[in-house]
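S.K.: Got my_file.txt for you, compact mmCIF, C-alpha atoms:
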```
# COMPACT_ATOMS: atom_id res chain seq x y z
CA MET A 1 -172.68 -23.37 131.53
CA ASN A 2 -169.69 -24.28 129.37
CA ARG A 3 -167.92 -27.62 129.07
CA ARG A 4 -165.28 -26.76 131.68
CA LYS A 5 -167.93 -25.84 134.23
CA ALA A 6 -169.87 -28.99 133.45
CA LEU A 7 -166.76 -31.11 134.02
CA LYS A 8 -166.08 -29.26 137.26
CA LEU A 9 -169.58 -30.09 138.44
CA ALA A 10 -169.11 -33.75 137.52
CA GLY A 11 -165.74 -34.12 139.24
CA GLY A 12 -166.04 -31.78 142.21
CA GLY A 13 -169.39 -32.67 143.68
CA GLY A 14 -171.03 -29.47 142.45
CA LEU A 15 -173.64 -31.38 140.49
CA ALA A 16 -174.67 -33.35 143.55
CA ALA A 17 -174.96 -30.14 145.54
CA ILE A 18 -177.16 -28.48 142.92
CA LEU A 19 -179.41 -31.52 142.61
CA ALA A 20 -179.65 -31.85 146.36
CA THR A 21 -180.95 -28.29 146.70
CA GLY A 22 -183.44 -28.80 143.91
CA THR A 23 -182.13 -25.77 142.03
CA ALA A 24 -180.82 -27.47 138.89
CA PRO A 25 -181.47 -25.04 136.03
CA ALA A 26 -183.78 -25.99 133.17
CA TYR A 27 -181.56 -26.31 130.12
CA SER A 28 -184.36 -26.47 127.57
CA GLN A 29 -188.08 -25.98 127.51
CA GLY A 30 -188.92 -29.35 125.97
CA LYS A 31 -188.01 -32.74 127.38
CA LYS A 32 -186.06 -35.06 125.14
CA GLU A 33 -185.92 -38.81 125.71
CA TRP A 34 -183.09 -40.52 123.90
CA ARG A 35 -182.16 -44.18 123.59
CA LEU A 36 -178.59 -45.48 123.80
CA GLN A 37 -177.77 -49.08 122.94
CA GLN A 38 -174.51 -50.65 123.99
CA THR A 39 -172.84 -53.38 121.92
CA TRP A 40 -172.88 -55.69 124.97
CA ALA A 41 -175.14 -56.23 127.96
CA LYS A 42 -175.63 -53.09 130.04
CA THR A 43 -174.64 -55.17 133.07
CA SER A 44 -171.31 -56.38 131.60
CA PRO A 45 -168.44 -55.85 134.08
CA GLY A 46 -166.03 -53.15 132.92
CA LEU A 47 -167.44 -52.94 129.41
CA ALA A 48 -170.77 -51.33 130.26
CA VAL A 49 -169.80 -48.95 133.07
CA GLY A 50 -168.81 -46.11 130.72
CA GLY A 51 -172.05 -46.10 128.75
CA ASN A 52 -174.11 -46.29 131.93
CA ALA A 53 -172.17 -43.42 133.56
CA PHE A 54 -172.49 -41.35 130.37
CA ALA A 55 -176.28 -41.71 130.27
CA GLU A 56 -176.71 -41.08 133.99
CA TYR A 57 -174.56 -37.96 133.94
CA ILE A 58 -176.38 -36.39 130.99
CA THR A 59 -179.79 -37.07 132.50
CA LYS A 60 -178.83 -35.54 135.84
CA ALA A 61 -176.73 -32.64 134.54
CA THR A 62 -179.48 -31.42 132.21
CA GLY A 63 -182.04 -31.60 134.98
CA GLY A 64 -183.91 -34.16 132.90
CA SER A 65 -184.31 -31.95 129.83
CA LEU A 66 -182.34 -34.65 128.02
CA SER A 67 -182.87 -38.10 129.52
CA VAL A 68 -180.90 -41.05 128.14
CA LYS A 69 -182.10 -44.61 128.62
CA VAL A 70 -179.57 -47.42 128.19
CA TYR A 71 -180.34 -50.67 126.36
CA SER A 72 -178.32 -53.86 126.10
CA ALA A 73 -177.11 -55.26 122.80
CA GLY A 74 -180.01 -56.88 120.96
CA GLU A 75 -182.77 -55.10 122.85
CA ILE A 76 -183.36 -52.78 119.90
CA VAL A 77 -181.04 -54.06 117.14
CA PRO A 78 -178.31 -56.75 117.01
CA PRO A 79 -175.02 -55.55 118.56
CA PHE A 80 -173.12 -55.03 115.34
CA GLN A 81 -175.99 -53.06 113.82
CA THR A 82 -175.73 -50.44 116.56
CA LEU A 83 -173.80 -47.92 114.46
CA GLU A 84 -176.19 -48.30 111.54
CA ALA A 85 -179.15 -47.81 113.87
CA VAL A 86 -177.63 -44.55 115.12
CA ALA A 87 -176.90 -43.38 111.59
CA ASN A 88 -180.45 -44.01 110.36
CA GLY A 89 -182.08 -42.52 113.46
CA THR A 90 -183.56 -45.71 114.93
CA ILE A 91 -181.72 -44.73 118.13
CA GLN A 92 -180.01 -41.47 118.99
CA MET A 93 -176.87 -42.91 120.59
CA GLY A 94 -174.67 -45.99 120.65
CA TYR A 95 -171.76 -47.12 122.81
CA GLY A 96 -169.29 -49.68 121.54
CA TYR A 97 -165.76 -50.59 120.52
CA VAL A 98 -163.96 -48.65 117.80
CA THR A 99 -162.67 -51.60 115.79
CA TYR A 100 -166.13 -53.18 115.51
CA TRP A 101 -166.76 -50.98 112.47
CA ALA A 102 -163.60 -51.85 110.51
CA GLY A 103 -165.68 -54.05 108.21
CA GLN A 104 -167.45 -50.92 107.02
CA LEU A 105 -164.40 -48.65 106.99
CA PRO A 106 -160.99 -50.36 107.40
CA ALA A 107 -159.27 -47.18 108.56
CA VAL A 108 -161.01 -47.33 111.95
CA ASN A 109 -158.74 -50.28 112.76
CA PHE A 110 -155.93 -47.76 113.12
CA LEU A 111 -157.98 -45.68 115.56
CA GLY A 112 -158.14 -48.65 117.89
CA THR A 113 -156.25 -51.77 118.85
CA LEU A 114 -152.92 -51.53 117.06
CA PRO A 115 -150.52 -54.42 117.82
CA PHE A 116 -147.44 -53.04 119.62
CA GLY A 117 -149.09 -49.63 119.40
CA LEU A 118 -150.10 -47.16 122.10
CA THR A 119 -151.16 -47.85 125.69
CA CYS A 120 -154.51 -46.44 126.74
CA GLN A 121 -152.88 -43.37 128.37
CA GLU A 122 -150.78 -42.75 125.28
CA GLN A 123 -153.72 -43.27 122.98
CA ASN A 124 -155.88 -40.84 124.94
CA ALA A 125 -153.09 -38.28 124.57
CA TRP A 126 -152.97 -38.95 120.83
CA TYR A 127 -156.71 -38.43 120.52
CA ALA A 128 -156.54 -35.17 122.50
CA HIS A 129 -153.24 -33.69 121.32
CA GLY A 130 -151.95 -35.75 118.40
CA GLY A 131 -154.77 -35.25 115.93
CA GLY A 132 -156.56 -38.52 116.68
CA ASN A 133 -159.89 -37.00 117.57
CA ALA A 134 -160.12 -34.97 114.37
CA LEU A 135 -159.28 -38.07 112.32
CA ALA A 136 -161.89 -40.11 114.18
CA GLU A 137 -164.55 -37.45 113.67
CA LYS A 138 -163.80 -37.39 109.95
CA LEU A 139 -164.01 -41.18 109.61
CA TYR A 140 -167.17 -41.55 111.67
CA ALA A 141 -168.82 -38.80 109.63
CA LYS A 142 -168.33 -41.08 106.62
CA LEU A 143 -170.25 -43.72 108.58
CA GLY A 144 -173.06 -41.25 109.20
CA VAL A 145 -172.55 -40.53 112.92
CA ARG A 146 -170.78 -38.15 115.28
CA PHE A 147 -167.86 -39.57 117.26
CA MET A 148 -166.79 -39.12 120.87
CA LEU A 149 -164.17 -41.11 122.75
CA GLY A 150 -165.90 -42.71 125.72
CA GLY A 151 -163.65 -45.26 127.41
CA GLN A 152 -160.50 -47.36 127.28
CA THR A 153 -159.19 -50.82 128.05
CA PRO A 154 -155.74 -51.17 129.64
CA VAL A 155 -153.17 -53.52 128.09
CA GLN A 156 -154.92 -56.78 127.32
CA PRO A 157 -153.34 -60.24 127.59
CA ALA A 158 -151.87 -62.12 124.66
CA GLY A 159 -154.72 -64.54 125.29
CA TRP A 160 -155.74 -67.91 126.68
CA TYR A 161 -154.07 -70.91 125.06
CA ASN A 162 -154.22 -74.68 125.22
CA LYS A 163 -150.83 -74.84 123.49
CA GLU A 164 -147.54 -73.42 124.73
CA ILE A 165 -146.01 -70.43 122.95
CA LYS A 166 -142.22 -70.52 123.12
CA THR A 167 -141.29 -69.37 119.61
CA ILE A 168 -143.01 -67.53 116.78
CA GLY A 169 -143.28 -70.92 115.08
CA ASP A 170 -145.78 -72.03 117.73
CA TYR A 171 -148.34 -69.73 116.14
CA LYS A 172 -148.22 -71.78 112.94
CA GLY A 173 -151.38 -73.83 112.68
CA LEU A 174 -152.84 -72.22 115.81
CA LYS A 175 -156.61 -71.69 115.63
CA MET A 176 -157.48 -68.58 117.63
CA ARG A 177 -160.57 -66.49 118.20
CA VAL A 178 -159.20 -63.03 117.50
CA GLY A 179 -160.20 -60.03 115.43
CA GLY A 180 -158.89 -56.76 114.04
CA LEU A 181 -155.32 -56.27 112.97
CA GLY A 182 -154.21 -58.94 115.43
CA ALA A 183 -156.06 -61.51 113.34
CA LYS A 184 -154.12 -60.44 110.26
CA VAL A 185 -150.82 -60.74 112.14
CA LEU A 186 -151.79 -64.23 113.34
CA GLN A 187 -152.59 -65.21 109.77
CA ALA A 188 -149.23 -63.89 108.57
CA MET A 189 -147.53 -66.11 111.17
CA GLY A 190 -149.32 -69.17 109.82
CA GLY A 191 -152.20 -69.24 112.29
CA THR A 192 -155.91 -69.33 111.59
CA PRO A 193 -158.13 -66.51 112.93
CA VAL A 194 -161.59 -67.76 113.90
CA SER A 195 -164.73 -65.67 114.32
CA MET A 196 -167.37 -67.13 116.62
CA PRO A 197 -169.87 -65.92 119.25
CA LEU A 198 -168.49 -65.89 122.78
CA GLY A 199 -171.12 -68.36 123.87
CA GLU A 200 -169.54 -71.01 121.63
CA VAL A 201 -166.00 -70.49 122.93
CA PRO A 202 -165.99 -72.81 125.98
CA GLN A 203 -167.13 -75.85 124.00
CA ALA A 204 -164.81 -74.97 121.11
CA MET A 205 -161.82 -74.73 123.46
CA GLN A 206 -162.69 -78.04 125.11
CA SER A 207 -163.21 -79.85 121.81
CA GLY A 208 -160.10 -78.45 120.16
CA ALA A 209 -162.05 -76.59 117.49
CA ILE A 210 -159.97 -73.59 118.57
CA ASP A 211 -156.68 -73.54 120.48
CA ALA A 212 -156.76 -70.04 121.89
CA ILE A 213 -158.86 -66.94 122.46
CA GLU A 214 -158.09 -63.28 122.93
CA PHE A 215 -160.79 -61.51 124.95
CA VAL A 216 -160.56 -58.39 127.14
CA GLY A 217 -158.63 -58.74 130.39
CA PRO A 218 -158.70 -60.42 133.82
CA LEU A 219 -162.05 -58.96 134.94
CA ASN A 220 -163.99 -60.06 131.87
CA ASP A 221 -161.94 -63.20 131.28
CA LEU A 222 -162.67 -64.41 134.81
CA SER A 223 -166.37 -63.54 134.66
CA PHE A 224 -166.65 -65.52 131.41
CA GLY A 225 -164.87 -68.53 132.91
CA LEU A 226 -162.03 -68.76 130.39
CA HIS A 227 -159.74 -70.12 133.12
CA LYS A 228 -161.90 -73.25 133.15
CA VAL A 229 -161.29 -74.14 129.50
CA ALA A 230 -157.70 -73.01 128.84
CA LYS A 231 -154.37 -74.15 130.30
CA PHE A 232 -152.23 -71.06 129.88
CA TYR A 233 -152.77 -67.31 130.29
CA TYR A 234 -150.14 -65.58 128.14
CA TRP A 235 -148.68 -62.09 128.41
CA PRO A 236 -147.43 -59.52 127.34
CA GLY A 237 -150.43 -58.17 125.50
CA TRP A 238 -148.91 -57.47 122.11
CA LEU A 239 -152.25 -57.89 120.34
CA GLU A 240 -154.17 -55.08 122.04
CA PRO A 241 -152.18 -52.62 124.17
CA SER A 242 -155.26 -50.40 124.33
CA GLY A 243 -158.92 -50.64 123.42
CA PRO A 244 -160.92 -47.42 122.87
CA TYR A 245 -164.69 -47.29 123.26
CA ASP A 246 -166.76 -45.03 121.06
CA ILE A 247 -169.85 -42.96 121.63
CA MET A 248 -171.90 -42.60 118.44
CA ILE A 249 -174.51 -39.86 118.06
CA ASN A 250 -177.04 -39.27 115.29
CA PRO A 251 -176.18 -35.90 113.64
CA LYS A 252 -179.81 -34.79 113.24
CA ALA A 253 -180.55 -35.58 116.87
CA TRP A 254 -177.41 -33.69 117.89
CA ALA A 255 -178.62 -30.61 116.01
CA THR A 256 -181.78 -30.50 118.16
CA LEU A 257 -179.74 -29.97 121.34
CA SER A 258 -179.07 -26.55 122.82
CA VAL A 259 -175.44 -25.44 123.04
CA THR A 260 -175.51 -26.13 126.78
CA GLU A 261 -176.88 -29.64 126.26
CA GLN A 262 -174.20 -30.33 123.68
CA GLU A 263 -171.51 -29.24 126.12
CA ILE A 264 -172.98 -31.49 128.80
CA VAL A 265 -172.92 -34.45 126.39
CA LYS A 266 -169.25 -33.72 125.66
CA ALA A 267 -168.54 -33.57 129.38
CA GLY A 268 -170.43 -36.84 129.76
CA ALA A 269 -167.92 -38.51 127.45
CA ALA A 270 -165.15 -37.54 129.87
CA VAL A 271 -167.21 -38.93 132.75
CA ALA A 272 -167.63 -42.18 130.81
CA MET A 273 -163.89 -42.41 130.19
CA LYS A 274 -163.07 -41.98 133.87
CA ALA A 275 -165.71 -44.44 135.06
CA ASN A 276 -164.61 -47.05 132.54
CA ILE A 277 -160.87 -46.84 133.00
CA ASP A 278 -161.02 -46.60 136.80
CA GLU A 279 -163.11 -49.76 137.04
CA MET A 280 -160.94 -51.61 134.54
CA TRP A 281 -157.70 -50.87 136.40
CA ALA A 282 -159.06 -51.68 139.86
CA LYS A 283 -161.12 -54.76 139.05
CA ASN A 284 -158.62 -56.23 136.60
CA ALA A 285 -156.09 -56.22 139.43
CA THR A 286 -158.51 -57.96 141.81
CA ALA A 287 -159.42 -60.57 139.20
CA PHE A 288 -155.78 -61.21 138.29
CA ASN A 289 -154.86 -61.75 141.95
CA GLN A 290 -157.73 -64.21 142.29
CA MET A 291 -156.59 -66.07 139.19
CA THR A 292 -152.98 -66.37 140.31
CA GLY A 293 -153.98 -67.15 143.89
CA GLU A 294 -156.89 -69.42 144.64
CA LEU A 295 -157.55 -70.43 141.02
CA LYS A 296 -153.90 -71.38 140.29
CA VAL A 297 -154.02 -70.08 136.71
CA GLN A 298 -150.77 -70.71 134.82
CA VAL A 299 -149.61 -67.25 133.80
CA ARG A 300 -146.91 -67.46 131.13
CA GLN A 301 -144.70 -64.93 129.35
CA ILE A 302 -143.99 -65.17 125.65
CA PRO A 303 -140.16 -65.16 125.44
CA ASP A 304 -138.51 -61.92 124.33
CA ASP A 305 -136.91 -63.56 121.28
CA ALA A 306 -140.34 -64.61 120.04
CA ILE A 307 -141.83 -61.20 120.83
CA ARG A 308 -139.18 -59.43 118.72
CA LEU A 309 -140.04 -61.58 115.71
CA ILE A 310 -143.78 -61.14 116.26
CA ALA A 311 -143.27 -57.38 116.43
CA GLU A 312 -141.40 -57.39 113.13
CA GLN A 313 -144.22 -59.36 111.52
CA ALA A 314 -146.84 -57.07 113.05
CA TYR A 315 -145.19 -53.95 111.68
CA LYS A 316 -145.07 -55.42 108.15
CA VAL A 317 -148.73 -56.42 108.34
CA CYS A 318 -149.92 -53.05 109.67
CA GLU A 319 -147.87 -51.12 107.12
CA ALA A 320 -149.28 -53.23 104.30
CA GLU A 321 -152.85 -52.82 105.55
CA ALA A 322 -152.39 -49.07 105.93
CA ALA A 323 -151.22 -48.79 102.32
CA LYS A 324 -154.54 -50.13 101.02
CA ASP A 325 -156.48 -46.86 101.25
CA ALA A 326 -155.85 -43.16 101.86
CA ASP A 327 -157.75 -42.97 105.16
CA SER A 328 -155.84 -45.89 106.69
CA LYS A 329 -152.55 -44.45 105.50
CA GLU A 330 -153.34 -41.09 107.09
CA VAL A 331 -154.30 -42.52 110.48
CA TRP A 332 -151.38 -44.97 110.51
CA ALA A 333 -148.92 -42.13 109.79
CA SER A 334 -150.41 -40.02 112.58
CA VAL A 335 -150.29 -42.84 115.14
CA MET A 336 -146.73 -43.83 114.26
CA LYS A 337 -145.55 -40.21 114.42
CA PHE A 338 -147.04 -39.83 117.90
CA ARG A 339 -145.65 -43.21 118.98
CA LYS A 340 -142.15 -42.21 117.91
CA GLU A 341 -142.39 -38.91 119.76
CA ILE A 342 -143.73 -40.30 123.03
CA LEU A 343 -141.61 -43.45 123.40
CA PRO A 344 -138.40 -41.76 124.70
CA TYR A 345 -140.34 -39.99 127.45
CA MET A 346 -142.38 -43.06 128.35
CA LYS A 347 -139.20 -45.10 128.67
CA VAL A 348 -137.62 -42.80 131.27
CA SER A 349 -140.90 -42.08 133.06
CA GLU A 350 -143.45 -44.89 133.19
CA TYR A 351 -141.24 -47.81 132.10
CA ASP A 352 -138.23 -46.99 134.30
CA PHE A 353 -140.41 -46.20 137.31
CA MET A 354 -142.23 -49.53 137.00
CA ARG A 355 -138.88 -51.27 136.70
CA VAL A 356 -137.29 -49.69 139.78
CA ARG A 357 -140.46 -49.92 141.85
CA ASP A 358 -140.31 -53.66 141.43
CA LEU A 359 -136.80 -53.77 142.89
CA VAL A 360 -138.01 -53.01 146.41
CA LYS A 361 -141.00 -54.68 148.01
CA PHE A 362 -143.14 -52.65 150.42
CA GLY A 363 -145.44 -54.34 152.92
```
Take the structure from the file and write it as structure tokens.
M.R.:
Amino acid sequence: MNRRKALKLAGGGGLAAILATGTAPAYSQGKKEWRLQQTWAKTSPGLAVGGNAFAEYITKATGGSLSVKVYSAGEIVPPFQTLEAVANGTIQMGYGYVTYWAGQLPAVNFLGTLPFGLTCQEQNAWYAHGGGNALAEKLYAKLGVRFMLGGQTPVQPAGWYNKEIKTIGDYKGLKMRVGGLGAKVLQAMGGTPVSMPLGEVPQAMQSGAIDAIEFVGPLNDLSFGLHKVAKFYYWPGWLEPSGPYDIMINPKAWATLSVTEQEIVKAGAAVAMKANIDEMWAKNATAFNQMTGELKVQVRQIPDDAIRLIAEQAYKVCEAEAAKDADSKEVWASVMKFRKEILPYMKVSEYDFMRVRDLVKFG
């Protein structure tokens, strides 16, 4: 079975039919039991669905010759030690967020959440057809693991704020829980990026220790109760227009798999992507409607004049960060080349369709 056939089984019901008849082929003589730790709880809405679907698919598609058990962050190692645990063989697999590892290798920032960068659809296309996957594989090899793209986050909000944002000057002095390149842009605008565990955020927002927080999106924001501690929910999501999830695999463990098992694992990454992005789109919409309806959340838009100035600042920051090392420069150049090429088409296709669809109300 090759990768295409494995994907066909996953998407077309063929796998279910094979399993139902009890005729699933044995892909290897020995049984392998692998552990996969996520960088969040395995029950986390939206965040965990890709890793869970990935493990389930592999276990079923191999007929159990390779079974993958999922663990929550902290069950084996602390969440931000997941990549290291995969690299040193403590676990065979990890599932997390690309930019989590920028502290070890700054260039991975440019594989992930680039302010004013690519949407999740555009970024997936860059990974598949713009050279992104090869760059990611090269960078993750330096970190001691194999890379696979395993999920995405749609455009995220600009965040939850207890202060109004009407001009770029309103970011001056703002204390915000934010990470990645967005944190560097905030700092360049005179704000203060704050790093703190999510569990401390509600009290910090209520006490004024922080003024704002950028998290994930309506589904996760609502489940965490951010609407209870912040006055304003700001859009558009200039900080994180996409958010790729990574699958990390120990190279030595990978080498023990048969060719067929390897192809099934690759197909499992596509299954993870679909499961993750489908749930994010659907449940973000439901959560957003609940927020704007019964919960009366104040959804605000950052004015266009302010957005233009923020974008100018963001470009300067990203360009300066990319110039700091050869890997970052290479990824930044690749992303910006793809962005330039895809924008004209996206404007007449996705953007213009969304615009005209909003002119007429159905139902």
S.K.: Got a sec: who's within 12 Å of Arg339 (chain A), counting all atoms listed in the file, leaving out chain neighbours fewer than 6 positions off, as number ranges by chain?
M.R.: A: 114, 116-119, 121-123, 125-126, 130, 332-333, 345-347
S.K.: Could you check which of A:Thr192, A:Pro157, A:Asp278, A:Met248 is closest to Arg35 (chain A), using all atoms listed in the file?
M.R.: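 For Arg35 (chain A), the nearest of the candidates is A:Met248.
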S.K.: Give me, as a ChimeraX atom specification, all polymer residues having an atom no more than 9 Å from Leu295 (chain A), counting all atoms listed in the file and skipping those fewer than 4 positions away in the same chain.
M.R.: /A:227,290-291
S.K.: For the atom pair CA of Ile58 (chain A) and CA of Ala253 (chain A), what is the interatomic distance in Å to one decimal place?
M.R.: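 CA of Ala253 (chain A) lies 14.7 Å from CA of Ile58 (chain A).
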S.K.: May I have the protein, DNA and RNA residues with any atom at most 12 Å from the point (-152.3, -57.4, 109.8), counting only C-alpha atoms, written as a PDB file with C-alpha atoms, in the coordinates of the input?
M.R.:
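Printed below is selection31.pdb as written:
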```
ATOM      1  CA  PRO A 106    -160.990 -50.360 107.400  1.00  0.00           C
ATOM      2  CA  ASN A 109    -158.740 -50.280 112.760  1.00  0.00           C
ATOM      3  CA  PHE A 110    -155.930 -47.760 113.120  1.00  0.00           C
ATOM      4  CA  THR A 113    -156.250 -51.770 118.850  1.00  0.00           C
ATOM      5  CA  LEU A 114    -152.920 -51.530 117.060  1.00  0.00           C
ATOM      6  CA  PRO A 115    -150.520 -54.420 117.820  1.00  0.00           C
ATOM      7  CA  PHE A 116    -147.440 -53.040 119.620  1.00  0.00           C
ATOM      8  CA  VAL A 178    -159.200 -63.030 117.500  1.00  0.00           C
ATOM      9  CA  GLY A 179    -160.200 -60.030 115.430  1.00  0.00           C
ATOM     10  CA  GLY A 180    -158.890 -56.760 114.040  1.00  0.00           C
ATOM     11  CA  LEU A 181    -155.320 -56.270 112.970  1.00  0.00           C
ATOM     12  CA  GLY A 182    -154.210 -58.940 115.430  1.00  0.00           C
ATOM     13  CA  ALA A 183    -156.060 -61.510 113.340  1.00  0.00           C
ATOM     14  CA  LYS A 184    -154.120 -60.440 110.260  1.00  0.00           C
ATOM     15  CA  VAL A 185    -150.820 -60.740 112.140  1.00  0.00           C
ATOM     16  CA  LEU A 186    -151.790 -64.230 113.340  1.00  0.00           C
ATOM     17  CA  GLN A 187    -152.590 -65.210 109.770  1.00  0.00           C
ATOM     18  CA  ALA A 188    -149.230 -63.890 108.570  1.00  0.00           C
ATOM     19  CA  MET A 189    -147.530 -66.110 111.170  1.00  0.00           C
ATOM     20  CA  PRO A 193    -158.130 -66.510 112.930  1.00  0.00           C
ATOM     21  CA  LEU A 239    -152.250 -57.890 120.340  1.00  0.00           C
ATOM     22  CA  ILE A 310    -143.780 -61.140 116.260  1.00  0.00           C
ATOM     23  CA  ALA A 311    -143.270 -57.380 116.430  1.00  0.00           C
ATOM     24  CA  GLU A 312    -141.400 -57.390 113.130  1.00  0.00           C
ATOM     25  CA  GLN A 313    -144.220 -59.360 111.520  1.00  0.00           C
ATOM     26  CA  ALA A 314    -146.840 -57.070 113.050  1.00  0.00           C
ATOM     27  CA  TYR A 315    -145.190 -53.950 111.680  1.00  0.00           C
ATOM     28  CA  LYS A 316    -145.070 -55.420 108.150  1.00  0.00           C
ATOM     29  CA  VAL A 317    -148.730 -56.420 108.340  1.00  0.00           C
ATOM     30  CA  CYS A 318    -149.920 -53.050 109.670  1.00  0.00           C
ATOM     31  CA  GLU A 319    -147.870 -51.120 107.120  1.00  0.00           C
ATOM     32  CA  ALA A 320    -149.280 -53.230 104.300  1.00  0.00           C
ATOM     33  CA  GLU A 321    -152.850 -52.820 105.550  1.00  0.00           C
ATOM     34  CA  ALA A 322    -152.390 -49.070 105.930  1.00  0.00           C
ATOM     35  CA  ALA A 323    -151.220 -48.790 102.320  1.00  0.00           C
ATOM     36  CA  LYS A 324    -154.540 -50.130 101.020  1.00  0.00           C
TER      37      LYS A 324
END
```
S.K.: So, counting all atoms listed in the file, which residue among A:Ala107, A:Val98, A:Val360, A:Ala41 is closest to Pro79 (chain A)?
M.R.: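 The closest residue to Pro79 (chain A) is A:Ala41.
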S.K.: Quick one: residues within 9 Å of (-151.5, -68.8, 127.5) (file frame), counting only C-alpha atoms, please, as a VMD selection string.
M.R.: chain A and resid 157 to 165 212 230 to 235 298 to 302
S.K.: Which distance in Å separates CA of Lys31 (chain A) and CA of Lys252 (chain A), to one decimal?
M.R.: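 One can read the CA of Lys31 (chain A) to CA of Lys252 (chain A) distance as 16.5 Å.
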S.K.: For Gly30 (chain A), list every protein, DNA or RNA residue within 10 Å, evaluated using all atoms listed in the file, and leave out those in the same chain fewer than 5 positions away; present the list as a PDB file with C-alpha atoms, keeping the file's coordinate frame.
M.R.:
```pdb
ATOM      1  CA  GLY A  64    -183.910 -34.160 132.900  1.00  0.00           C
ATOM      2  CA  SER A  65    -184.310 -31.950 129.830  1.00  0.00           C
ATOM      3  CA  LEU A  66    -182.340 -34.650 128.020  1.00  0.00           C
TER       4      LEU A  66
END
```
S.K.: I'd like to know which of A:Val265, A:Leu105, A:Leu143, A:Ala326 is closest to Ala85 (chain A), using all atoms listed in the file.
M.R.: A:Leu143
S.K.: With a distance cut-off of 10 Å and only C-alpha atoms, select the neighbouring residues of Gly150 (chain A), excluding the residue or stretch itself and same-chain residues fewer than 5 positions from it, and output the selection as a PDB file with C-alpha atoms, in the coordinates of the input.
M.R.:
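Contents of out.pdb, as written:
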```pdb
ATOM      1  CA  GLY A  50    -168.810 -46.110 130.720  1.00  0.00           C
ATOM      2  CA  GLY A  51    -172.050 -46.100 128.750  1.00  0.00           C
ATOM      3  CA  PHE A  54    -172.490 -41.350 130.370  1.00  0.00           C
ATOM      4  CA  TYR A  95    -171.760 -47.120 122.810  1.00  0.00           C
ATOM      5  CA  GLY A  96    -169.290 -49.680 121.540  1.00  0.00           C
ATOM      6  CA  TYR A  97    -165.760 -50.590 120.520  1.00  0.00           C
ATOM      7  CA  PRO A 244    -160.920 -47.420 122.870  1.00  0.00           C
ATOM      8  CA  TYR A 245    -164.690 -47.290 123.260  1.00  0.00           C
ATOM      9  CA  ASP A 246    -166.760 -45.030 121.060  1.00  0.00           C
ATOM     10  CA  ILE A 247    -169.850 -42.960 121.630  1.00  0.00           C
ATOM     11  CA  MET A 248    -171.900 -42.600 118.440  1.00  0.00           C
ATOM     12  CA  LYS A 266    -169.250 -33.720 125.660  1.00  0.00           C
ATOM     13  CA  GLY A 268    -170.430 -36.840 129.760  1.00  0.00           C
ATOM     14  CA  ALA A 269    -167.920 -38.510 127.450  1.00  0.00           C
ATOM     15  CA  ALA A 270    -165.150 -37.540 129.870  1.00  0.00           C
ATOM     16  CA  VAL A 271    -167.210 -38.930 132.750  1.00  0.00           C
ATOM     17  CA  ALA A 272    -167.630 -42.180 130.810  1.00  0.00           C
ATOM     18  CA  MET A 273    -163.890 -42.410 130.190  1.00  0.00           C
ATOM     19  CA  LYS A 274    -163.070 -41.980 133.870  1.00  0.00           C
ATOM     20  CA  ALA A 275    -165.710 -44.440 135.060  1.00  0.00           C
ATOM     21  CA  ASN A 276    -164.610 -47.050 132.540  1.00  0.00           C
ATOM     22  CA  ILE A 277    -160.870 -46.840 133.000  1.00  0.00           C
TER      23      ILE A 277
END
```
S.K.: Select, from A:Thr62, A:Lys283, A:Lys329, A:Ala102, the residue with the minimum atom-to-atom distance to Leu135 (chain A), counting only C-alpha atoms.
M.R.: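 Checking each of A:Thr62, A:Lys283, A:Lys329, A:Ala102 against Leu135 (chain A), counting only C-alpha atoms, the winner is A:Lys329.
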S.K.: List the neighbours of Trp34 (chain A) out to 7 Å using only C-alpha atoms; skip same-chain residues closer than 5 positions along the sequence, and give me the result as a PyMOL selection string.
M.R.: chain A and resi 67-69+92
S.K.: So what do you get for CA of Asn289 (chain A) versus CA of Lys42 (chain A), distance-wise?
M.R.: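 Between CA of Asn289 (chain A) and CA of Lys42 (chain A) the gap works out to 25.5 Å.
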S.K.: Any chance you could work out the axis-aligned box around region 284-295 of chain A, listed atoms only, 4 Å on each side, giving centre and edge lengths in Å to one decimal, as JSON?
M.R.:
```
{"center_x": -156.2, "center_y": -63.3, "center_z": 140.6, "size_x": 14.4, "size_y": 22.2, "size_z": 16.0}
```
S.K.: My list of candidates is A:Val194, A:Leu139, A:Val229, A:Leu222. Which is closest to Asn284 (chain A) when distances are computed with only C-alpha atoms?
M.R.: A:Leu222
S.K.: Just region 344-356 of chain A, please, as a PDB file, in the first residue's frame (only C-alpha atoms).
M.R.:
```
ATOM      1  CA  PRO A 344      -3.050  38.831  -6.525  1.00  0.00           C
ATOM      2  CA  TYR A 345      -4.970  35.573  -6.949  1.00  0.00           C
ATOM      3  CA  MET A 346      -6.262  35.569  -3.378  1.00  0.00           C
ATOM      4  CA  LYS A 347      -7.542  39.112  -3.820  1.00  0.00           C
ATOM      5  CA  VAL A 348      -9.719  38.280  -6.832  1.00  0.00           C
ATOM      6  CA  SER A 349     -10.765  34.875  -5.508  1.00  0.00           C
ATOM      7  CA  GLU A 350     -11.176  34.533  -1.748  1.00  0.00           C
ATOM      8  CA  TYR A 351     -11.165  38.216  -0.763  1.00  0.00           C
ATOM      9  CA  ASP A 352     -13.537  39.456  -3.483  1.00  0.00           C
ATOM     10  CA  PHE A 353     -15.901  36.524  -3.024  1.00  0.00           C
ATOM     11  CA  MET A 354     -16.124  37.156   0.725  1.00  0.00           C
ATOM     12  CA  ARG A 355     -16.762  40.826   0.003  1.00  0.00           C
ATOM     13  CA  VAL A 356     -19.582  40.297  -2.501  1.00  0.00           C
TER      14      VAL A 356
END
```
